[in-house]
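First up is the structure itself, then whatever we jot down about it.
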Amino acid sequence: MAERGQATVELVAALPALLLAGLVALQLLAAGYAMTLADGAAEAGALARASGGSPTEAAEAALPGWAADDVAVAVKGDEVSVRLRPPSPIPALAKRLTISSSATARSAR
């Protein structure tokens, strides 16, 4: 008779751990996706720089709309660096996460 509600109690006890594990997995996926986007944006900016275009505009154009407010593009010589904040379900964590990527392309002068 004592085991009758045991499964319910175990589920209630394990549910916060399962939700936390899911939240961590979601955040890791978002950070990985943001890293891929930052790599592509830095490469697009470097290629634009090499061809005489605007690296900042090219890098920003290579990103999806949600990233417009969370991106910073820096240009030093032939190197284009992109810093991007990945989306996060936890606002306090979102302010601390930053993904950086840089690319260099030399023009054929």
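As shown in the structure tokens, the chain order sets the letters A, B, ...; within each chain, residues go from 1, and ligands are also counted from 1 in the order they appear.
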
Give me the residues near segment 18-24 of chain A as a list in words, where near means some atom within 10 Å (using only C-alpha atoms) and where sequence neighbours in that chain fewer than 6 positions away do not count.
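Those residues are Leu11, Ala30, Ser88, Pro89 and Ile90 of chain A.
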
Can those selected residues be exported to a file as a PDB file, in the first residue's frame so that it contains N, CA and C atoms?
ATOM      1  N   LEU A  11       8.045  11.457  -9.826  1.00  0.00           N
ATOM      2  CA  LEU A  11       7.889  12.347 -10.972  1.00  0.00           C
ATOM      3  C   LEU A  11       7.964  13.816 -10.541  1.00  0.00           C
ATOM      4  N   ALA A  30      21.271  27.021 -28.883  1.00  0.00           N
ATOM      5  CA  ALA A  30      21.196  28.420 -29.316  1.00  0.00           C
ATOM      6  C   ALA A  30      22.589  29.032 -29.440  1.00  0.00           C
ATOM      7  N   SER A  88      18.350  33.670 -25.524  1.00  0.00           N
ATOM      8  CA  SER A  88      18.346  32.917 -24.280  1.00  0.00           C
ATOM      9  C   SER A  88      17.000  33.072 -23.591  1.00  0.00           C
ATOM     10  N   PRO A  89      16.461  31.980 -23.051  1.00  0.00           N
ATOM     11  CA  PRO A  89      15.202  32.072 -22.320  1.00  0.00           C
ATOM     12  C   PRO A  89      15.379  32.717 -20.941  1.00  0.00           C
ATOM     13  N   ILE A  90      16.625  32.882 -20.491  1.00  0.00           N
ATOM     14  CA  ILE A  90      16.895  33.481 -19.185  1.00  0.00           C
ATOM     15  C   ILE A  90      17.566  34.836 -19.430  1.00  0.00           C
TER      16      ILE A  90
END

Surrounding residues of Ala67 of chain A excluding itself and chain neighbours under 2 positions, 10 Å, only C-alpha atoms, as an mmCIF file with C-alpha atoms, in the first residue's frame:
data_model
loop_
_atom_site.group_PDB
_atom_site.id
_atom_site.type_symbol
_atom_site.label_atom_id
_atom_site.label_comp_id
_atom_site.auth_asym_id
_atom_site.auth_seq_id
_atom_site.Cartn_x
_atom_site.Cartn_y
_atom_site.Cartn_z
ATOM 1 C CA ALA A 34 24.796 31.773 -32.927
ATOM 2 C CA LEU A 37 25.817 32.648 -37.721
ATOM 3 C CA ALA A 38 28.717 34.755 -36.427
ATOM 4 C CA GLU A 60 24.701 42.502 -40.763
ATOM 5 C CA LEU A 63 22.380 37.585 -40.091
ATOM 6 C CA PRO A 64 18.686 36.859 -39.489
ATOM 7 C CA GLY A 65 16.370 39.624 -38.287
ATOM 8 C CA ASP A 69 19.912 44.318 -32.017
ATOM 9 C CA ASP A 70 22.418 41.793 -30.646
ATOM 10 C CA VAL A 71 25.356 42.170 -33.052
ATOM 11 C CA ALA A 72 28.503 44.288 -33.101
ATOM 12 C CA LEU A 84 26.733 38.170 -31.346
ATOM 13 C CA ARG A 85 24.547 37.466 -28.341
ATOM 14 C CA PRO A 86 22.675 34.192 -28.714
ATOM 15 C CA PRO A 87 18.990 34.110 -27.815
#

Interatomic distance (Å, one decimal) between atom CA of Pro91 of chain A and atom CA of Leu15 of chain A:
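Computing the Euclidean distance for atom CA of Pro91 of chain A and atom CA of Leu15 of chain A yields 22.2 Å.
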
Can you pull out every residue within 12 Å of Val75 of chain A, counting only C-alpha atoms, but drop anything in the same chain fewer than 2 positions away, and send it as a compact mmCIF listing (two decimals) with C-alpha atoms, in the first residue's frame?
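So the final result, stored in around.txt, reads:
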# COMPACT_ATOMS: atom_id res chain seq x y z
CA ALA A 42 32.39 37.54 -40.34
CA GLY A 45 32.08 41.00 -44.05
CA ALA A 46 35.66 40.00 -44.91
CA ALA A 48 32.91 42.47 -48.83
CA ARG A 49 35.99 44.25 -47.48
CA ALA A 50 38.21 42.44 -50.00
CA SER A 54 31.06 47.75 -46.75
CA PRO A 55 32.02 44.94 -44.35
CA THR A 56 29.60 46.11 -41.66
CA GLU A 57 26.62 46.11 -44.00
CA ALA A 58 27.57 42.72 -45.45
CA ALA A 59 28.01 41.15 -42.02
CA ALA A 72 28.50 44.29 -33.10
CA VAL A 73 30.83 44.39 -36.11
CA GLY A 77 42.59 46.33 -41.43
CA ASP A 78 41.59 43.22 -43.39
CA GLU A 79 40.05 41.52 -40.34
CA VAL A 80 36.32 41.64 -39.65
CA SER A 81 35.13 40.60 -36.18
CA VAL A 82 31.53 39.85 -35.29
CA ARG A 83 30.19 39.63 -31.74
CA SER A 101 34.15 35.23 -34.66
CA SER A 102 36.58 36.90 -37.04
CA ALA A 103 37.63 36.43 -40.64
CA THR A 104 40.31 37.89 -42.86
CA ALA A 105 40.27 38.25 -46.62

So how many Å separate atom CA of Ala41 of chain A and atom CA of Ala62 of chain A, to one decimal?
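Going from atom CA of Ala41 of chain A over to atom CA of Ala62 of chain A covers 5.2 Å.
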
Using Å and a single decimal, report how far atom CA of Leu93 of chain A sits from atom CA of Ala31 of chain A.
11.5 Å
